[in-house]
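Colleague: This is start29.pdb, which holds PDB, C-alpha atoms:
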MODEL        1
ATOM      1  CA  MET A   1     151.772  62.117 153.260  1.00  0.00           C
ATOM      2  CA  ALA A   2     154.131  64.329 151.233  1.00  0.00           C
ATOM      3  CA  THR A   3     152.856  65.245 147.808  1.00  0.00           C
ATOM      4  CA  SER A   4     154.981  64.867 144.696  1.00  0.00           C
ATOM      5  CA  HIS A   5     155.920  68.543 144.817  1.00  0.00           C
ATOM      6  CA  SER A   6     156.906  68.593 148.517  1.00  0.00           C
ATOM      7  CA  ARG A   7     158.922  65.363 148.798  1.00  0.00           C
ATOM      8  CA  ILE A   8     162.555  65.795 149.910  1.00  0.00           C
ATOM      9  CA  GLU A   9     165.117  63.597 148.079  1.00  0.00           C
ATOM     10  CA  LEU A  10     168.293  64.082 150.103  1.00  0.00           C
ATOM     11  CA  GLY A  11     170.302  61.278 148.494  1.00  0.00           C
ATOM     12  CA  ARG A  12     169.624  62.570 144.994  1.00  0.00           C
ATOM     13  CA  ALA A  13     170.575  66.095 146.059  1.00  0.00           C
ATOM     14  CA  LEU A  14     173.844  64.981 147.663  1.00  0.00           C
ATOM     15  CA  ARG A  15     174.859  63.012 144.559  1.00  0.00           C
ATOM     16  CA  ALA A  16     174.280  66.087 142.430  1.00  0.00           C
ATOM     17  CA  ALA A  17     176.104  68.248 144.985  1.00  0.00           C
ATOM     18  CA  ARG A  18     179.260  66.124 144.705  1.00  0.00           C
ATOM     19  CA  ILE A  19     179.238  66.531 140.929  1.00  0.00           C
ATOM     20  CA  LEU A  20     178.605  70.267 141.182  1.00  0.00           C
ATOM     21  CA  ALA A  21     181.392  70.750 143.719  1.00  0.00           C
ATOM     22  CA  ALA A  22     183.878  69.301 141.226  1.00  0.00           C
ATOM     23  CA  ASP A  23     182.423  71.074 138.195  1.00  0.00           C
ATOM     24  CA  PRO A  24     180.567  74.344 138.898  1.00  0.00           C
ATOM     25  CA  ASP A  25     179.735  74.631 135.184  1.00  0.00           C
ATOM     26  CA  ASP A  26     177.456  71.570 135.353  1.00  0.00           C
ATOM     27  CA  LEU A  27     174.281  73.642 135.471  1.00  0.00           C
ATOM     28  CA  PRO A  28     171.798  70.735 135.304  1.00  0.00           C
ATOM     29  CA  GLN A  29     173.071  69.593 138.722  1.00  0.00           C
ATOM     30  CA  VAL A  30     171.942  72.925 140.170  1.00  0.00           C
ATOM     31  CA  PHE A  31     168.395  72.244 139.038  1.00  0.00           C
ATOM     32  CA  THR A  32     168.568  68.670 140.306  1.00  0.00           C
ATOM     33  CA  ILE A  33     169.549  69.886 143.778  1.00  0.00           C
ATOM     34  CA  ILE A  34     166.867  72.552 143.858  1.00  0.00           C
ATOM     35  CA  GLU A  35     164.170  70.154 142.664  1.00  0.00           C
ATOM     36  CA  ALA A  36     165.216  67.468 145.137  1.00  0.00           C
ATOM     37  CA  LEU A  37     165.182  69.739 148.179  1.00  0.00           C
ATOM     38  CA  SER A  38     162.680  72.504 147.446  1.00  0.00           C
ATOM     39  CA  GLY A  39     159.801  70.763 149.181  1.00  0.00           C
ATOM     40  CA  ALA A  40     156.875  73.145 149.562  1.00  0.00           C
ATOM     41  CA  THR A  41     158.942  76.247 148.698  1.00  0.00           C
ATOM     42  CA  LEU A  42     157.258  76.872 145.341  1.00  0.00           C
ATOM     43  CA  LYS A  43     153.804  76.569 146.896  1.00  0.00           C
ATOM     44  CA  ARG A  44     154.810  79.109 149.533  1.00  0.00           C
ATOM     45  CA  ILE A  45     156.027  81.496 146.816  1.00  0.00           C
ATOM     46  CA  ALA A  46     152.783  81.103 144.866  1.00  0.00           C
ATOM     47  CA  ASP A  47     150.728  81.728 147.997  1.00  0.00           C
ATOM     48  CA  ARG A  48     152.687  84.884 148.791  1.00  0.00           C
ATOM     49  CA  MET A  49     152.384  86.143 145.225  1.00  0.00           C
ATOM     50  CA  ALA A  50     148.618  85.792 145.532  1.00  0.00           C
ATOM     51  CA  THR A  51     148.578  88.361 148.349  1.00  0.00           C
ATOM     52  CA  SER A  52     149.506  91.292 146.064  1.00  0.00           C
ATOM     53  CA  GLU A  53     147.686  92.810 143.097  1.00  0.00           C
ATOM     54  CA  THR A  54     150.714  92.409 140.832  1.00  0.00           C
ATOM     55  CA  GLY A  55     151.266  88.846 141.962  1.00  0.00           C
ATOM     56  CA  ARG A  56     147.637  87.883 141.404  1.00  0.00           C
ATOM     57  CA  LYS A  57     147.783  89.357 137.901  1.00  0.00           C
ATOM     58  CA  LEU A  58     150.923  87.372 137.095  1.00  0.00           C
ATOM     59  CA  LEU A  59     149.450  84.163 138.488  1.00  0.00           C
ATOM     60  CA  GLY A  60     146.293  84.696 136.445  1.00  0.00           C
ATOM     61  CA  GLU A  61     148.024  85.482 133.158  1.00  0.00           C
ATOM     62  CA  ARG A  62     151.126  83.294 133.632  1.00  0.00           C
ATOM     63  CA  PRO A  63     153.251  85.100 131.035  1.00  0.00           C
ATOM     64  CA  ASP A  64     156.255  83.341 129.519  1.00  0.00           C
ATOM     65  CA  ILE A  65     159.034  85.876 130.016  1.00  0.00           C
ATOM     66  CA  VAL A  66     161.468  83.791 127.957  1.00  0.00           C
ATOM     67  CA  ASP A  67     159.619  84.992 124.853  1.00  0.00           C
ATOM     68  CA  VAL A  68     160.592  88.545 125.830  1.00  0.00           C
ATOM     69  CA  LEU A  69     164.141  87.799 126.969  1.00  0.00           C
ATOM     70  CA  ALA A  70     164.936  85.785 123.841  1.00  0.00           C
ATOM     71  CA  ASP A  71     164.228  88.785 121.571  1.00  0.00           C
ATOM     72  CA  ARG A  72     167.661  90.380 121.712  1.00  0.00           C
ATOM     73  CA  GLU A  73     166.908  92.798 118.902  1.00  0.00           C
ATOM     74  CA  ALA A  74     164.021  94.257 120.915  1.00  0.00           C
ATOM     75  CA  LEU A  75     166.159  94.412 124.055  1.00  0.00           C
ATOM     76  CA  ALA A  76     168.892  96.239 122.117  1.00  0.00           C
ATOM     77  CA  ARG A  77     166.366  98.904 121.112  1.00  0.00           C
ATOM     78  CA  LEU A  78     165.598  99.734 124.739  1.00  0.00           C
ATOM     79  CA  PRO A  79     167.158 102.910 126.191  1.00  0.00           C
ATOM     80  CA  GLU A  80     170.794 102.777 127.181  1.00  0.00           C
ATOM     81  CA  GLY A  81     171.075 102.281 130.935  1.00  0.00           C
ATOM     82  CA  SER A  82     167.744 100.427 131.136  1.00  0.00           C
ATOM     83  CA  LEU A  83     167.197  97.146 132.954  1.00  0.00           C
ATOM     84  CA  GLY A  84     166.647  95.393 129.628  1.00  0.00           C
ATOM     85  CA  ARG A  85     169.956  96.612 128.276  1.00  0.00           C
ATOM     86  CA  ALA A  86     171.697  95.630 131.528  1.00  0.00           C
ATOM     87  CA  TYR A  87     170.214  92.143 131.167  1.00  0.00           C
ATOM     88  CA  LEU A  88     171.298  91.951 127.524  1.00  0.00           C
ATOM     89  CA  SER A  89     174.843  92.988 128.437  1.00  0.00           C
ATOM     90  CA  PHE A  90     174.938  90.371 131.170  1.00  0.00           C
ATOM     91  CA  VAL A  91     173.858  87.417 129.017  1.00  0.00           C
ATOM     92  CA  GLU A  92     176.117  88.463 126.140  1.00  0.00           C
ATOM     93  CA  ARG A  93     179.084  88.898 128.488  1.00  0.00           C
ATOM     94  CA  GLU A  94     178.482  85.506 130.095  1.00  0.00           C
ATOM     95  CA  ASN A  95     177.596  83.817 126.773  1.00  0.00           C
ATOM     96  CA  ILE A  96     174.303  82.439 128.077  1.00  0.00           C
ATOM     97  CA  SER A  97     170.629  82.690 127.142  1.00  0.00           C
ATOM     98  CA  ALA A  98     167.217  82.312 128.714  1.00  0.00           C
ATOM     99  CA  GLU A  99     166.547  79.396 126.366  1.00  0.00           C
ATOM    100  CA  GLY A 100     169.818  77.727 127.402  1.00  0.00           C
ATOM    101  CA  ILE A 101     168.949  78.017 131.084  1.00  0.00           C
ATOM    102  CA  ARG A 102     165.569  76.426 130.416  1.00  0.00           C
ATOM    103  CA  ASP A 103     167.211  73.571 128.484  1.00  0.00           C
ATOM    104  CA  ALA A 104     169.661  72.957 131.353  1.00  0.00           C
ATOM    105  CA  ALA A 105     166.757  72.811 133.765  1.00  0.00           C
ATOM    106  CA  VAL A 106     165.031  70.191 131.622  1.00  0.00           C
ATOM    107  CA  ARG A 107     168.213  68.065 131.623  1.00  0.00           C
ATOM    108  CA  GLY A 108     168.503  68.407 135.384  1.00  0.00           C
ATOM    109  CA  THR A 109     164.909  67.387 136.072  1.00  0.00           C
ATOM    110  CA  THR A 110     164.397  64.558 133.571  1.00  0.00           C
ATOM    111  CA  GLY A 111     161.203  62.642 134.216  1.00  0.00           C
ATOM    112  CA  ARG A 112     159.812  65.262 136.582  1.00  0.00           C
ATOM    113  CA  THR A 113     156.040  65.149 136.992  1.00  0.00           C
ATOM    114  CA  PRO A 114     154.526  68.579 136.282  1.00  0.00           C
ATOM    115  CA  LEU A 115     153.392  70.436 139.383  1.00  0.00           C
ATOM    116  CA  PRO A 116     149.800  71.621 139.803  1.00  0.00           C
ATOM    117  CA  GLU A 117     149.127  75.109 138.495  1.00  0.00           C
ATOM    118  CA  PRO A 118     149.976  77.804 139.356  1.00  0.00           C
ATOM    119  CA  VAL A 119     152.948  76.199 141.147  1.00  0.00           C
ATOM    120  CA  GLU A 120     154.321  74.826 137.867  1.00  0.00           C
ATOM    121  CA  TRP A 121     154.344  78.338 136.416  1.00  0.00           C
ATOM    122  CA  VAL A 122     156.117  79.675 139.522  1.00  0.00           C
ATOM    123  CA  HIS A 123     158.721  76.920 139.104  1.00  0.00           C
ATOM    124  CA  GLY A 124     159.489  78.145 135.589  1.00  0.00           C
ATOM    125  CA  ARG A 125     159.238  81.798 136.538  1.00  0.00           C
ATOM    126  CA  MET A 126     161.900  81.515 139.237  1.00  0.00           C
ATOM    127  CA  ARG A 127     164.243  79.836 136.758  1.00  0.00           C
ATOM    128  CA  ASP A 128     163.534  82.189 133.860  1.00  0.00           C
ATOM    129  CA  THR A 129     163.977  85.430 135.839  1.00  0.00           C
ATOM    130  CA  HIS A 130     167.232  84.384 137.526  1.00  0.00           C
ATOM    131  CA  ASP A 131     169.434  86.339 135.126  1.00  0.00           C
ATOM    132  CA  LEU A 132     167.205  89.393 135.444  1.00  0.00           C
ATOM    133  CA  TRP A 133     168.007  89.197 139.152  1.00  0.00           C
ATOM    134  CA  HIS A 134     171.682  89.198 138.170  1.00  0.00           C
ATOM    135  CA  ALA A 135     171.199  92.394 136.162  1.00  0.00           C
ATOM    136  CA  ALA A 136     169.189  94.141 138.859  1.00  0.00           C
ATOM    137  CA  VAL A 137     171.110  92.988 141.930  1.00  0.00           C
ATOM    138  CA  GLY A 138     174.483  93.411 140.237  1.00  0.00           C
ATOM    139  CA  TYR A 139     176.336  90.116 140.619  1.00  0.00           C
ATOM    140  CA  GLU A 140     178.342  88.745 137.701  1.00  0.00           C
ATOM    141  CA  GLY A 141     177.993  85.197 136.399  1.00  0.00           C
ATOM    142  CA  ASP A 142     181.220  83.831 137.892  1.00  0.00           C
ATOM    143  CA  VAL A 143     181.166  81.186 140.642  1.00  0.00           C
ATOM    144  CA  LEU A 144     181.331  83.776 143.432  1.00  0.00           C
ATOM    145  CA  GLY A 145     178.695  86.010 141.855  1.00  0.00           C
ATOM    146  CA  GLU A 146     176.346  83.066 141.344  1.00  0.00           C
ATOM    147  CA  THR A 147     176.793  81.929 144.939  1.00  0.00           C
ATOM    148  CA  ALA A 148     176.237  85.435 146.278  1.00  0.00           C
ATOM    149  CA  LEU A 149     173.048  85.789 144.230  1.00  0.00           C
ATOM    150  CA  LEU A 150     171.879  82.425 145.539  1.00  0.00           C
ATOM    151  CA  ALA A 151     172.508  83.701 149.072  1.00  0.00           C
ATOM    152  CA  PHE A 152     170.356  86.712 148.157  1.00  0.00           C
ATOM    153  CA  SER A 153     167.718  84.316 146.768  1.00  0.00           C
ATOM    154  CA  PHE A 154     167.790  82.156 149.888  1.00  0.00           C
ATOM    155  CA  ALA A 155     167.078  85.202 152.034  1.00  0.00           C
ATOM    156  CA  GLN A 156     164.007  85.817 149.863  1.00  0.00           C
ATOM    157  CA  THR A 157     162.693  82.263 149.440  1.00  0.00           C
ATOM    158  CA  GLN A 158     164.177  80.067 152.209  1.00  0.00           C
ATOM    159  CA  ASN A 159     164.628  77.310 149.632  1.00  0.00           C
ATOM    160  CA  PRO A 160     166.581  74.388 151.198  1.00  0.00           C
ATOM    161  CA  GLY A 161     167.999  73.374 147.818  1.00  0.00           C
ATOM    162  CA  ILE A 162     169.570  76.788 147.399  1.00  0.00           C
ATOM    163  CA  ALA A 163     170.975  76.513 150.929  1.00  0.00           C
ATOM    164  CA  LEU A 164     172.912  73.375 149.949  1.00  0.00           C
ATOM    165  CA  ILE A 165     174.420  75.068 146.899  1.00  0.00           C
ATOM    166  CA  ILE A 166     175.454  78.034 149.056  1.00  0.00           C
ATOM    167  CA  ALA A 167     177.083  75.625 151.506  1.00  0.00           C
ATOM    168  CA  ILE A 168     179.175  74.208 148.655  1.00  0.00           C
ATOM    169  CA  GLY A 169     180.232  77.736 147.758  1.00  0.00           C
ATOM    170  CA  LEU A 170     181.174  78.558 151.338  1.00  0.00           C
ATOM    171  CA  VAL A 171     183.294  75.402 151.594  1.00  0.00           C
ATOM    172  CA  LYS A 172     185.019  76.310 148.334  1.00  0.00           C
ATOM    173  CA  THR A 173     185.908  79.733 149.754  1.00  0.00           C
ATOM    174  CA  LEU A 174     187.577  78.439 152.945  1.00  0.00           C
ATOM    175  CA  GLY A 175     190.701  80.521 153.389  1.00  0.00           C
ATOM    176  CA  LYS A 176     189.231  83.297 151.225  1.00  0.00           C
ATOM    177  CA  PRO A 177     187.586  85.639 153.738  1.00  0.00           C
ATOM    178  CA  GLU A 178     186.830  88.288 151.095  1.00  0.00           C
ATOM    179  CA  ALA A 179     184.877  85.783 148.991  1.00  0.00           C
ATOM    180  CA  ARG A 180     182.978  84.455 152.006  1.00  0.00           C
ATOM    181  CA  SER A 181     182.138  88.034 152.929  1.00  0.00           C
ATOM    182  CA  VAL A 182     180.636  88.624 149.457  1.00  0.00           C
ATOM    183  CA  ILE A 183     178.440  85.527 149.823  1.00  0.00           C
ATOM    184  CA  LEU A 184     177.232  86.411 153.315  1.00  0.00           C
ATOM    185  CA  ASP A 185     176.574  89.988 152.223  1.00  0.00           C
ATOM    186  CA  GLY A 186     174.352  88.598 149.479  1.00  0.00           C
ATOM    187  CA  PHE A 187     172.114  87.139 152.185  1.00  0.00           C
ATOM    188  CA  ARG A 188     172.001  90.490 153.996  1.00  0.00           C
ATOM    189  CA  ARG A 189     171.082  92.295 150.772  1.00  0.00           C
ATOM    190  CA  GLY A 190     168.325  89.780 150.083  1.00  0.00           C
ATOM    191  CA  ARG A 191     166.755  90.396 153.475  1.00  0.00           C
ATOM    192  CA  LYS A 192     166.818  94.156 152.923  1.00  0.00           C
ATOM    193  CA  ALA A 193     165.424  94.207 149.381  1.00  0.00           C
ATOM    194  CA  ALA A 194     161.845  94.131 148.158  1.00  0.00           C
ATOM    195  CA  TRP A 195     160.474  90.662 147.416  1.00  0.00           C
ATOM    196  CA  LEU A 196     161.680  89.932 143.881  1.00  0.00           C
ATOM    197  CA  PRO A 197     159.611  86.800 143.026  1.00  0.00           C
ATOM    198  CA  GLY A 198     156.455  88.894 142.911  1.00  0.00           C
ATOM    199  CA  GLN A 199     157.770  91.596 140.566  1.00  0.00           C
ATOM    200  CA  ASP A 200     156.452  92.228 137.046  1.00  0.00           C
ATOM    201  CA  TRP A 201     159.868  92.242 135.389  1.00  0.00           C
ATOM    202  CA  ALA A 202     158.621  92.720 131.839  1.00  0.00           C
ATOM    203  CA  SER A 203     157.041  96.040 132.810  1.00  0.00           C
ATOM    204  CA  MET A 204     160.393  97.309 134.140  1.00  0.00           C
ATOM    205  CA  LEU A 205     162.689  96.376 131.255  1.00  0.00           C
ATOM    206  CA  ALA A 206     162.583  99.857 129.687  1.00  0.00           C
ATOM    207  CA  LEU A 207     163.165 101.661 132.994  1.00  0.00           C
ATOM    208  CA  PRO A 208     166.609 102.923 134.024  1.00  0.00           C
ATOM    209  CA  VAL A 209     168.253 100.158 136.009  1.00  0.00           C
ATOM    210  CA  ASP A 210     169.092 102.655 138.774  1.00  0.00           C
ATOM    211  CA  GLU A 211     165.381 103.467 139.100  1.00  0.00           C
ATOM    212  CA  VAL A 212     164.552  99.744 139.269  1.00  0.00           C
ATOM    213  CA  ARG A 213     167.109  99.354 142.047  1.00  0.00           C
ATOM    214  CA  ARG A 214     165.560 102.227 143.987  1.00  0.00           C
ATOM    215  CA  ARG A 215     162.074 100.768 143.579  1.00  0.00           C
ATOM    216  CA  LEU A 216     163.223  97.381 144.821  1.00  0.00           C
ATOM    217  CA  SER A 217     165.443  98.667 147.650  1.00  0.00           C
ATOM    218  CA  LEU A 218     168.528  97.221 146.005  1.00  0.00           C
ATOM    219  CA  GLU A 219     171.881  98.701 146.859  1.00  0.00           C
ATOM    220  CA  ALA A 220     174.530  99.657 144.307  1.00  0.00           C
ATOM    221  CA  PRO A 221     176.180  96.614 142.689  1.00  0.00           C
ATOM    222  CA  PRO A 222     178.984  95.254 144.880  1.00  0.00           C
ATOM    223  CA  VAL A 223     182.606  95.377 143.779  1.00  0.00           C
ATOM    224  CA  TYR A 224     184.430  92.049 144.103  1.00  0.00           C
ATOM    225  CA  THR A 225     187.089  89.932 142.419  1.00  0.00           C
ATOM    226  CA  ARG A 226     185.628  87.278 140.146  1.00  0.00           C
ATOM    227  CA  VAL A 227     186.217  83.612 140.940  1.00  0.00           C
ATOM    228  CA  ASN A 228     185.994  81.727 137.661  1.00  0.00           C
ATOM    229  CA  SER A 229     185.013  78.074 137.362  1.00  0.00           C
ATOM    230  CA  SER A 230     188.429  77.195 135.914  1.00  0.00           C
ATOM    231  CA  GLU A 231     189.994  78.117 139.252  1.00  0.00           C
ATOM    232  CA  VAL A 232     187.566  75.906 141.160  1.00  0.00           C
ATOM    233  CA  LYS A 233     188.175  72.983 138.795  1.00  0.00           C
ATOM    234  CA  ALA A 234     191.954  73.363 139.135  1.00  0.00           C
ATOM    235  CA  VAL A 235     191.710  73.231 142.924  1.00  0.00           C
ATOM    236  CA  ALA A 236     189.431  70.180 142.766  1.00  0.00           C
ATOM    237  CA  ALA A 237     191.808  68.389 140.380  1.00  0.00           C
ATOM    238  CA  ALA A 238     194.776  69.056 142.658  1.00  0.00           C
ATOM    239  CA  ALA A 239     193.002  67.779 145.767  1.00  0.00           C
TER
ENDMDL
END
Show this structure as structure tokens.

Modeller:
Amino acid sequence: MATSHSRIELGRALRAARILAADPDDLPQVFTIIEALSGATLKRIADRMATSETGRKLLGERPDIVDVLADREALARLPEGSLGRAYLSFVERENISAEGIRDAAVRGTTGRTPLPEPVEWVHGRMRDTHDLWHAAVGYEGDVLGETALLAFSFAQTQNPGIALIIAIGLVKTLGKPEARSVILDGFRRGRKAAWLPGQDWASMLALPVDEVRRRLSLEAPPVYTRVNSSEVKAVAAAA
């Protein structure tokens, strides 16, 4: 019998996918899709984390990185060119916050039964470090950049929920071979890179972002033309 944290809810995911396809800014739908389709993904991530010294330490201590990421004054005091400053620039440029992402996740998973520890912590950790991945991997927060980072994430986690969101992005880029190429290259980059879920991000915030990229086998940030959500909404409205 499937446990509460491995059950697949395809109908719920598809309903959320239809909403997300029309409005890519509806972030709670992203979390609904991922929750509905993740199955045993989070357990697999926790098990893999437990195979490394760093991962075991994180699982034992279960730090709340949002406390660190929410302190923008402290981030601003970090050296110029550091990962922490790159993260701060990203969230300020995109007008988002770690707290806002967490709130959107709560709205998208209303009534969710907490998972057994340490899987529940891994669930939050994957959500709360997403924008650090943006800063390190180099994708912007536009629709194309988000989809490309999700393709990177899918290569690292094999999460079926993420696969559905990527599929929406690929459909939206029909007739745009350059955009599709950016998404597919995200998957290639994810396969090549070090395994990001098991990284101690807080310990790397003060390091030069270029050094972090070398440590994690990340290539230089890709150059691409942004695809903003307003464009996607306009196309959906005209259809």

Colleague: What does the distance between atom CA of A:Thr173 and atom CA of A:Ala21 come to in Å, to one decimal place?

Modeller: 11.7 Å

Colleague: Carefully work through the PyMOL selection byres ((chain A and resi 164-171) around 10) for this structure and note down the residues it includes, as a ChimeraX atom specification.

Modeller: /A:13-14,17-18,20-21,24,29-30,33-34,37,143-144,146-151,154,159-163,172-177,179-181,183-184

Colleague: Grab the atom CA of A:Arg214 to atom CA of A:Gly138 distance for me, in Å with one decimal place.

Modeller: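 Spanning atom CA of A:Arg214 to atom CA of A:Gly138 is a straight-line distance of 13.1 Å.
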
Colleague: Could you tell me which of A:Leu205, A:Thr225, A:Ala105, A:Trp121 comes closest to A:Met49 if we count all atoms listed in the file?

Modeller: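 The closest residue to A:Met49 is A:Trp121.
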
Colleague: Quick one: of A:Arg12, A:Arg48, A:Arg191, A:Arg215, who's nearest to A:Val122, counting all atoms listed in the file?

Modeller: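 Ranked by minimum distance to A:Val122, first place goes to A:Arg48.
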
Colleague: Please write as a PyMOL selection string the full residue list that the PyMOL selection byres ((chain A and resi 221) around 7) yields on this file.

Modeller: chain A and resi 137-139+219-220+222-223

Colleague: Please list as a ChimeraX atom specification every residue within 7 Å of A:Ala136, counting only C-alpha atoms and excluding residues in the same chain fewer than 5 positions away.

Modeller: /A:83,209,213

Colleague: Could you check which of A:Asp131, A:Glu9, A:Asp26, A:Asp67 is closest to A:Ile96, using all atoms listed in the file?

Modeller: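 Once distances to A:Ile96 are computed over all atoms listed in the file, the minimum belongs to A:Asp131.
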
Colleague: Starting from the PyMOL selection byres ((chain A and resi 68) around 12), expand the selection into actual residues of this file and give them as a list in words.

Modeller: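 Answer for the PyMOL selection byres ((chain A and resi 68) around 12): Pro63, Asp64, Ile65, Val66, Asp67, Leu69, Ala70, Asp71, Arg72, Glu73, Ala74, Leu75, Ala76, Gly84, Tyr87, Leu88, Ser97, Ala98, Glu99, Asp128, Thr129, Leu132, Trp201, Ala202, Ser203 and Leu205 of chain A.
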
Colleague: Those same residues - C-alpha atoms - I'd like them written as a PDB file, keeping the file's coordinate frame.

Modeller:
ATOM      1  CA  PRO A  63     153.251  85.100 131.035  1.00  0.00           C
ATOM      2  CA  ASP A  64     156.255  83.341 129.519  1.00  0.00           C
ATOM      3  CA  ILE A  65     159.034  85.876 130.016  1.00  0.00           C
ATOM      4  CA  VAL A  66     161.468  83.791 127.957  1.00  0.00           C
ATOM      5  CA  ASP A  67     159.619  84.992 124.853  1.00  0.00           C
ATOM      6  CA  LEU A  69     164.141  87.799 126.969  1.00  0.00           C
ATOM      7  CA  ALA A  70     164.936  85.785 123.841  1.00  0.00           C
ATOM      8  CA  ASP A  71     164.228  88.785 121.571  1.00  0.00           C
ATOM      9  CA  ARG A  72     167.661  90.380 121.712  1.00  0.00           C
ATOM     10  CA  GLU A  73     166.908  92.798 118.902  1.00  0.00           C
ATOM     11  CA  ALA A  74     164.021  94.257 120.915  1.00  0.00           C
ATOM     12  CA  LEU A  75     166.159  94.412 124.055  1.00  0.00           C
ATOM     13  CA  ALA A  76     168.892  96.239 122.117  1.00  0.00           C
ATOM     14  CA  GLY A  84     166.647  95.393 129.628  1.00  0.00           C
ATOM     15  CA  TYR A  87     170.214  92.143 131.167  1.00  0.00           C
ATOM     16  CA  LEU A  88     171.298  91.951 127.524  1.00  0.00           C
ATOM     17  CA  SER A  97     170.629  82.690 127.142  1.00  0.00           C
ATOM     18  CA  ALA A  98     167.217  82.312 128.714  1.00  0.00           C
ATOM     19  CA  GLU A  99     166.547  79.396 126.366  1.00  0.00           C
ATOM     20  CA  ASP A 128     163.534  82.189 133.860  1.00  0.00           C
ATOM     21  CA  THR A 129     163.977  85.430 135.839  1.00  0.00           C
ATOM     22  CA  LEU A 132     167.205  89.393 135.444  1.00  0.00           C
ATOM     23  CA  TRP A 201     159.868  92.242 135.389  1.00  0.00           C
ATOM     24  CA  ALA A 202     158.621  92.720 131.839  1.00  0.00           C
ATOM     25  CA  SER A 203     157.041  96.040 132.810  1.00  0.00           C
ATOM     26  CA  LEU A 205     162.689  96.376 131.255  1.00  0.00           C
TER      27      LEU A 205
END

Colleague: Select, from A:Lys192, A:Asn228, A:Glu120, A:Ser52, the residue with the minimum atom-to-atom distance to A:Gly141, counting all atoms listed in the file.

Modeller: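 Residue with the minimum atom-to-atom distance to A:Gly141: A:Asn228.
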
Colleague: I'd like the interatomic distance between atom CA of A:Met126 and atom CA of A:Leu42, to a tenth of an Å.

Modeller: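 We find that atom CA of A:Met126 and atom CA of A:Leu42 lie 9.0 Å from each other.
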
Colleague: Which residue out of A:Asn95, A:Ala16, A:Lys57, A:Arg125 has the minimum interatomic distance to A:Thr109 when all atoms listed in the file are used?

Modeller: A:Ala16
